[in-house]
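Enquirer: One file is attached below, input37.cif, containing mmCIF, C-alpha atoms and all ligand atoms.
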```
data_structure
loop_
_atom_site.label_atom_id
_atom_site.label_comp_id
_atom_site.auth_asym_id
_atom_site.auth_seq_id
_atom_site.Cartn_x
_atom_site.Cartn_y
_atom_site.Cartn_z
CA MET A 58 0.00 0.00 0.00
CA ARG A 59 1.26 3.45 -0.84
CA VAL A 60 -0.26 6.74 0.37
CA SER A 61 1.05 9.96 -1.14
CA GLY A 62 0.37 13.54 -0.13
CA LEU A 63 -2.89 12.52 1.50
CA GLN A 64 -4.92 15.45 2.75
CA ARG A 65 -8.35 15.97 4.27
CA ARG A 66 -9.74 19.36 5.10
CA PHE A 67 -12.79 19.92 7.33
CA GLY A 68 -13.63 23.58 6.79
CA GLY A 69 -10.62 25.45 8.17
CA LEU A 70 -9.07 22.36 9.77
CA LEU A 71 -6.49 20.15 8.07
CA ALA A 72 -7.24 16.87 9.85
CA VAL A 73 -4.75 15.01 7.63
CA SER A 74 -2.09 17.12 5.98
CA GLY A 75 0.22 15.73 3.30
CA VAL A 76 0.73 12.24 4.70
CA ASP A 77 3.10 9.92 2.81
CA LEU A 78 3.46 6.31 3.80
CA ALA A 79 4.61 3.11 2.19
CA LEU A 80 3.50 -0.14 3.74
CA PRO A 81 5.26 -3.17 2.23
CA ALA A 82 3.29 -6.43 2.07
CA GLY A 83 3.49 -8.55 5.19
CA ARG A 84 4.57 -5.73 7.49
CA VAL A 85 2.95 -4.14 10.52
CA LEU A 86 2.94 -0.36 10.71
CA GLY A 87 1.85 1.06 14.04
CA VAL A 88 0.32 4.53 13.84
CA ILE A 89 0.28 6.51 17.06
CA GLY A 90 -0.45 10.09 17.99
CA PRO A 91 -2.35 12.15 20.54
CA ASN A 92 -6.12 12.54 20.43
CA GLY A 93 -7.20 14.50 17.39
CA ALA A 94 -3.93 13.81 15.53
CA GLY A 95 -5.86 12.53 12.49
CA LYS A 96 -5.45 8.77 12.98
CA SER A 97 -9.07 7.78 12.38
CA THR A 98 -9.36 10.25 9.52
CA LEU A 99 -6.33 8.60 7.89
CA VAL A 100 -8.02 5.17 8.12
CA ASN A 101 -11.28 6.62 6.78
CA LEU A 102 -9.44 8.11 3.80
CA ILE A 103 -7.73 4.81 2.98
CA SER A 104 -10.90 2.73 3.41
CA GLY A 105 -13.06 5.07 1.32
CA HIS A 106 -15.29 6.22 4.20
CA LEU A 107 -14.02 9.75 3.62
CA LYS A 108 -12.84 11.31 0.38
CA PRO A 109 -9.43 12.99 0.38
CA THR A 110 -9.19 16.65 -0.60
CA ALA A 111 -5.76 15.87 -2.12
CA GLY A 112 -3.34 12.98 -2.49
CA SER A 113 -3.60 9.35 -3.52
CA VAL A 114 -4.02 5.81 -2.18
CA LEU A 115 -2.57 2.89 -4.15
CA ILE A 116 -2.92 -0.80 -3.37
CA GLY A 117 -0.38 -2.61 -5.49
CA ASP A 118 -0.80 -0.95 -8.88
CA THR A 119 -4.46 -0.11 -8.35
CA ASP A 120 -5.34 3.53 -7.69
CA LEU A 121 -8.15 3.51 -5.13
CA THR A 122 -8.15 7.22 -4.32
CA GLY A 123 -11.68 8.32 -3.46
CA ALA A 124 -13.19 4.94 -4.37
CA ARG A 125 -16.24 3.71 -2.48
CA PRO A 126 -15.73 1.49 0.59
CA TRP A 127 -17.10 -1.67 -1.09
CA ARG A 128 -14.68 -1.30 -4.00
CA ILE A 129 -11.78 -0.84 -1.64
CA ALA A 130 -12.90 -3.86 0.40
CA HIS A 131 -13.09 -5.89 -2.80
CA ALA A 132 -9.56 -4.78 -3.63
CA GLY A 133 -8.49 -6.52 -0.43
CA VAL A 134 -8.51 -3.75 2.18
CA ALA A 135 -10.60 -4.30 5.34
CA ARG A 136 -10.89 -2.13 8.43
CA THR A 137 -12.36 -2.01 11.90
CA PHE A 138 -14.15 1.00 13.36
CA GLN A 139 -13.03 2.70 16.56
CA ILE A 140 -16.71 3.02 17.42
CA VAL A 141 -17.99 -0.50 16.82
CA LYS A 142 -20.66 -0.84 14.13
CA PRO A 143 -22.45 -4.19 14.28
CA PHE A 144 -25.87 -4.71 12.69
CA ARG A 145 -27.89 -4.56 15.91
CA GLY A 146 -30.79 -6.65 14.58
CA LEU A 147 -28.56 -9.62 13.72
CA THR A 148 -26.82 -12.14 15.96
CA VAL A 149 -23.04 -12.13 16.25
CA ALA A 150 -22.76 -15.10 13.84
CA ASP A 151 -25.15 -13.51 11.32
CA ASN A 152 -23.09 -10.29 11.39
CA VAL A 153 -20.04 -12.26 10.30
CA THR A 154 -22.00 -14.46 7.86
CA VAL A 155 -23.26 -11.34 6.07
CA ALA A 156 -19.67 -10.07 5.78
CA VAL A 157 -18.59 -13.43 4.29
CA MET A 158 -21.47 -13.44 1.77
CA PHE A 159 -21.09 -9.87 0.61
CA GLY A 160 -17.33 -9.73 0.78
CA PRO A 161 -14.81 -10.46 -1.95
CA ALA A 162 -14.80 -14.18 -1.08
CA ARG A 163 -18.23 -14.27 -2.75
CA ILE A 164 -19.44 -17.28 -0.84
CA ARG A 165 -23.10 -17.28 -1.83
CA SER A 166 -24.18 -20.51 -0.11
CA ARG A 167 -25.59 -19.54 3.27
CA ALA A 168 -24.50 -22.82 4.86
CA ARG A 169 -20.92 -22.44 3.64
CA ALA A 170 -20.83 -18.79 4.62
CA ARG A 171 -22.04 -19.76 8.10
CA GLN A 172 -19.27 -22.36 8.36
CA GLU A 173 -16.68 -19.79 7.38
CA ALA A 174 -18.17 -17.33 9.92
CA GLU A 175 -17.90 -19.92 12.70
CA ARG A 176 -14.25 -20.47 11.80
CA VAL A 177 -13.53 -16.73 11.98
CA LEU A 178 -15.42 -16.37 15.28
CA GLU A 179 -13.41 -19.23 16.76
CA ARG A 180 -10.22 -17.57 15.64
CA VAL A 181 -10.92 -14.21 17.32
CA GLY A 182 -12.07 -15.89 20.54
CA LEU A 183 -15.83 -15.60 20.03
CA GLY A 184 -16.48 -19.32 19.57
CA GLY A 185 -19.74 -20.20 21.30
CA LYS A 186 -21.00 -16.60 21.31
CA GLY A 187 -22.41 -16.61 17.77
CA GLY A 188 -26.00 -16.78 18.97
CA LEU A 189 -25.82 -13.60 21.07
CA PRO A 190 -27.11 -10.20 19.98
CA PRO A 191 -24.16 -7.77 19.67
CA ALA A 192 -25.68 -5.57 22.41
CA GLU A 193 -24.95 -8.32 24.97
CA LEU A 194 -21.22 -8.44 24.20
CA THR A 195 -18.60 -7.00 26.55
CA VAL A 196 -16.39 -4.19 25.24
CA ALA A 197 -13.64 -6.71 24.47
CA ASP A 198 -16.00 -9.07 22.65
CA ALA A 199 -17.54 -6.21 20.65
CA ARG A 200 -14.01 -5.40 19.44
CA ARG A 201 -13.47 -9.06 18.58
CA LEU A 202 -16.66 -8.94 16.50
CA GLU A 203 -15.36 -5.89 14.63
CA LEU A 204 -12.20 -7.83 13.87
CA ALA A 205 -14.18 -10.92 12.83
CA LYS A 206 -16.24 -8.87 10.36
CA ALA A 207 -13.05 -7.48 8.84
CA LEU A 208 -11.35 -10.90 8.65
CA ALA A 209 -14.46 -12.38 7.05
CA LEU A 210 -13.59 -10.27 4.00
CA ARG A 211 -10.30 -12.21 3.68
CA PRO A 212 -8.27 -9.04 3.29
CA ARG A 213 -4.68 -8.60 2.15
CA VAL A 214 -4.47 -5.31 4.03
CA LEU A 215 -6.09 -4.81 7.41
CA LEU A 216 -6.57 -1.41 9.05
CA LEU A 217 -7.22 -1.60 12.79
CA ASP A 218 -8.49 1.53 14.53
CA GLU A 219 -7.84 1.25 18.27
CA VAL A 220 -8.80 -2.40 18.66
CA LEU A 221 -7.09 -2.49 22.07
CA ALA A 222 -9.07 0.44 23.49
CA GLY A 223 -11.12 -0.47 26.53
CA LEU A 224 -9.52 -3.90 26.90
CA ARG A 225 -8.35 -5.10 30.29
CA PRO A 226 -4.61 -5.86 30.60
CA ALA A 227 -5.25 -9.62 30.46
CA GLU A 228 -7.17 -9.16 27.19
CA ILE A 229 -4.42 -7.22 25.43
CA ASP A 230 -1.88 -10.03 25.06
CA PRO A 231 -4.17 -12.41 23.14
CA ALA A 232 -5.11 -9.52 20.83
CA LEU A 233 -1.43 -8.79 20.17
CA ARG A 234 -0.75 -12.47 19.54
CA LEU A 235 -3.51 -12.52 16.93
CA ILE A 236 -2.02 -9.48 15.19
CA ASP A 237 1.34 -11.27 15.13
CA GLU A 238 -0.28 -14.42 13.77
CA LEU A 239 -2.02 -12.52 10.98
CA ARG A 240 1.27 -10.91 10.04
CA GLY A 241 2.82 -14.40 9.94
CA GLU A 242 0.19 -15.35 7.37
CA GLY A 243 1.34 -12.55 5.11
CA LEU A 244 -1.29 -9.95 5.95
CA THR A 245 -0.26 -6.31 5.79
CA LEU A 246 -1.42 -4.37 8.84
CA LEU A 247 -1.84 -0.75 9.75
CA VAL A 248 -2.51 -0.67 13.47
CA ILE A 249 -3.70 2.54 15.06
CA GLU A 250 -3.27 2.67 18.80
CA HIS A 251 -3.29 4.95 21.72
CA ILE A 252 -1.54 2.38 23.95
CA VAL A 253 1.94 3.09 22.65
CA GLN A 254 3.93 0.38 24.46
CA ALA A 255 1.57 -2.41 23.42
CA ILE A 256 1.73 -1.54 19.77
CA ALA A 257 5.50 -1.13 19.74
CA ALA A 258 5.83 -4.84 20.53
CA VAL A 259 4.06 -5.98 17.34
CA SER A 260 5.06 -3.23 14.88
CA ASP A 261 7.92 -3.37 12.39
CA GLU A 262 7.80 0.41 12.27
CA ILE A 263 5.95 3.18 14.06
CA LEU A 264 4.59 6.29 12.41
CA VAL A 265 3.71 9.25 14.61
CA LEU A 266 0.93 11.58 13.51
CA HIS A 267 0.71 15.02 15.07
CA HIS A 268 -1.69 17.76 13.94
CA GLY A 269 -2.46 15.69 10.83
CA ALA A 270 1.14 15.40 9.66
CA VAL A 271 3.83 12.73 10.00
CA LEU A 272 6.09 13.76 12.88
CA THR A 273 8.44 10.81 12.38
CA GLN A 274 8.55 7.19 11.24
CA GLY A 275 11.01 4.45 12.14
CA PRO A 276 11.78 1.38 14.28
CA PRO A 277 9.78 1.34 17.56
CA ASP A 278 12.78 1.89 19.88
CA GLU A 279 13.99 4.88 17.94
CA VAL A 280 10.56 6.51 17.67
CA LEU A 281 9.58 6.01 21.30
CA GLY A 282 12.85 7.52 22.46
CA ASP A 283 12.43 10.57 20.22
CA GLU A 284 12.03 13.73 22.27
CA ARG A 285 9.64 15.29 19.74
CA VAL A 286 7.31 12.32 20.17
CA ILE A 287 7.35 12.59 23.95
CA GLU A 288 6.63 16.33 23.66
CA ALA A 289 3.73 15.72 21.26
CA TYR A 290 2.15 13.39 23.81
CA LEU A 291 2.74 15.78 26.67
CA GLY A 292 1.00 18.48 24.66
CA HIS A 293 3.81 20.99 24.18
P1 LIG B 1 -7.70 10.76 16.10
O1 LIG B 1 -8.33 9.53 15.56
O2 LIG B 1 -6.22 10.81 15.92
O3 LIG B 1 -8.06 11.02 17.54
P2 LIG B 1 -9.43 12.11 14.20
O4 LIG B 1 -8.94 11.64 12.89
O5 LIG B 1 -10.66 11.48 14.73
O6 LIG B 1 -8.25 12.01 15.28
O7 LIG B 1 -9.67 13.67 14.14
C1 LIG B 1 -8.71 14.58 13.64
C2 LIG B 1 -9.26 15.99 13.67
O8 LIG B 1 -10.28 16.10 12.69
C3 LIG B 1 -9.91 16.36 15.00
O9 LIG B 1 -9.64 17.72 15.24
C4 LIG B 1 -11.38 16.13 14.75
O10 LIG B 1 -12.16 16.97 15.54
C5 LIG B 1 -11.52 16.49 13.28
N1 LIG B 1 -12.58 15.73 12.60
C6 LIG B 1 -12.64 14.39 12.45
N2 LIG B 1 -13.72 14.02 11.75
C7 LIG B 1 -14.38 15.17 11.44
C8 LIG B 1 -15.59 15.48 10.72
N3 LIG B 1 -16.32 14.50 10.16
N4 LIG B 1 -15.94 16.77 10.62
C9 LIG B 1 -15.20 17.75 11.16
N5 LIG B 1 -14.05 17.54 11.84
C10 LIG B 1 -13.65 16.27 11.99
MG MG B 2 -9.42 7.99 16.43
#
```
Could you express the structure from this file as structure tokens?
Ligand code: ADP
Ligand code: MG
Expert:
Amino acid sequence: MRVSGLQRRFGGLLAVSGVDLALPAGRVLGVIGPNGAGKSTLVNLISGHLKPTAGSVLIGDTDLTGARPWRIAHAGVARTFQIVKPFRGLTVADNVTVAVMFGPARIRSRARARQEAERVLERVGLGGKGGLPPAELTVADARRLELAKALALRPRVLLLDEVLAGLRPAEIDPALRLIDELRGEGLTLLVIEHIVQAIAAVSDEILVLHHGAVLTQGPPDEVLGDERVIEAYLGH
């Protein structure tokens, strides 16, 4: 994935301002930054949920700048939402089954789609909870469902927007292990996080957003020791 000069203006505010990033296949890029830095906007621009006011998004050789979310999903890019978005009228399993049936895998048989959904639910740790309505899930399980819906699309690139938020310490490690596993299977991941230390452990590189722009990018150790990064977080 390659993002060049990406920009999004909201009235007088540049929420994302000339962001360049290259994400080689099979790598994990952690994106951190204080509240309001433009992290979610960046994901929305890549996934087609917002249109950029300038710049481009390429997946392989395909230019997906400004394309609709379904087209981007069908090109192999899936995402989770920071604010979870299940279909409230459907069970957990049906939420994932719908994603399987309408996703690029194009599994049209309901029985086969259901099987695939059960496999994905098992994988994210929701085995046995498929019959529940999403409203009855804990915060951690609601995040797992978000992830399951994204994985049901069998993506090549996965964009995770604060999937660790609200998790208890004991719930974070399994989530990180899953990210590592997905990377091992060749998935390319862009992982947005507020919990800096946690994400450093699974990222090949860290990119720091500040006021919509890239403050720095590099290996986790280097970035986390960078004084400018510490200052950005302290609000100077
Ligand atoms: P982060 O995810 O890093 O906390 P966001 O990308 O959500 O930051 O927001 C970046 C900036 O853009 C913030 O100042 C936010 O208020 C603003 N913003 C985000 N979405 C919108 C929108 N739809 N309309 C107007 N301003 C927005
Ligand atoms: Mg956000």
Enquirer: Just want the 6 Å neighbourhood of range 136-143 of chain A, counted on all atoms listed in the file, with same-chain residues fewer than 4 positions away dropped. Output as a ChimeraX atom specification.
Expert: /A:203,207,215-219
Enquirer: Quick one: residues within 9 Å of ligand LIG 1 (chain B), with only C-alpha atoms and all ligand atoms, as a PyMOL selection string?
Expert: chain A and resi 65-68+70-73+89-101+107+139+218-219+249+251+266-269
Enquirer: List the neighbours of Arg234 in chain A out to 12 Å using only C-alpha atoms; skip same-chain residues closer than 2 positions along the sequence, and give me the result as a ChimeraX atom specification.
Expert: /A:180-182,228-232,236-241,255-256,258-260
Enquirer: Go through A:Ala222, A:Leu244, A:Ala162, A:Ala270 and flag the residue nearest ligand MG 2 (chain B), using all atoms listed in the file for the distances.
Expert: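 The closest residue to ligand MG 2 (chain B) is A:Ala222.
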Enquirer: Just the residues within 8 Å of Asp261 in chain A, please, counting only C-alpha atoms, with nothing from its chain fewer than 2 positions along; format it as a count of residues only.
Expert: 8
Enquirer: I want to know what sits within 6 Å of range 74-78 of chain A, based on only C-alpha atoms, with residues of the same chain fewer than 6 positions away left out; could you give that as a ChimeraX atom specification?
Expert: /A:59-64,269-270
Enquirer: Env of Arg200 in chain A: 8 Å cut, atoms = only C-alpha atoms, seq-sep filter 3 positions within chain, self excluded. Answer as a VMD selection string.
Expert: chain A and resid 141 196 to 197 203 to 204 220 to 221
Enquirer: Find the distance between CA of Ala82 in chain A and CA of Thr245 in chain A and write it in Å to one decimal.
Expert: 5.1 Å
Enquirer: Quote the spacing between CA of Glu173 in chain A and CA of Gly105 in chain A in Å to one decimal place.
Expert: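 Calculated distance between CA of Glu173 in chain A and CA of Gly105 in chain A is 25.8 Å.
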Enquirer: Please measure the separation of CA of Val88 in chain A and CA of Leu264 in chain A, giving the value in Å to one decimal.
Expert: 4.8 Å
Enquirer: Out of A:Ala111, A:Ala130, A:Ala156, A:Val286, which residue has the shortest atom-to-atom distance to Lys206 in chain A when counting all atoms listed in the file?
Expert: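 Looking only at the distances to Lys206 in chain A, the closest residue turns out to be A:Ala156.
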Enquirer: Using only C-alpha atoms, which residue out of A:Ala170, A:Ala199, A:Val155, A:Met58 lies closest to Leu115 in chain A?
Expert: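 Nearest to Leu115 in chain A: A:Met58.
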Enquirer: Find the residues of range 110-163 of chain A that sit at most 6 Å from range 184-189 of chain A; for each, write down the nearest two atoms and how far apart they are in Å, to one decimal. Count all atoms listed in the file. Sort by chain, then by number going up, and give it as JSON lines.
Expert:
```
{"residue": "A:Thr148", "atom": "CA", "partner": "A:Leu189", "partner_atom": "CA", "distance": 5.4}
{"residue": "A:Val149", "atom": "CA", "partner": "A:Gly187", "partner_atom": "CA", "distance": 4.8}
{"residue": "A:Ala150", "atom": "CA", "partner": "A:Gly187", "partner_atom": "CA", "distance": 4.2}
```
Enquirer: With all atoms listed in the file as the atoms that count, which of A:Leu224, A:Gly123, A:Glu250, A:Glu262 lies nearest to Gly275 in chain A?
Expert: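 The answer is A:Glu262, which sits nearest to Gly275 in chain A.
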Enquirer: Just checking: using all atoms listed in the file, which residue out of A:Pro212, A:Pro191, A:Arg201, A:Arg176 ends up closest to Ile116 in chain A?
Expert: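 Smallest distance to Ile116 in chain A is found for A:Pro212.
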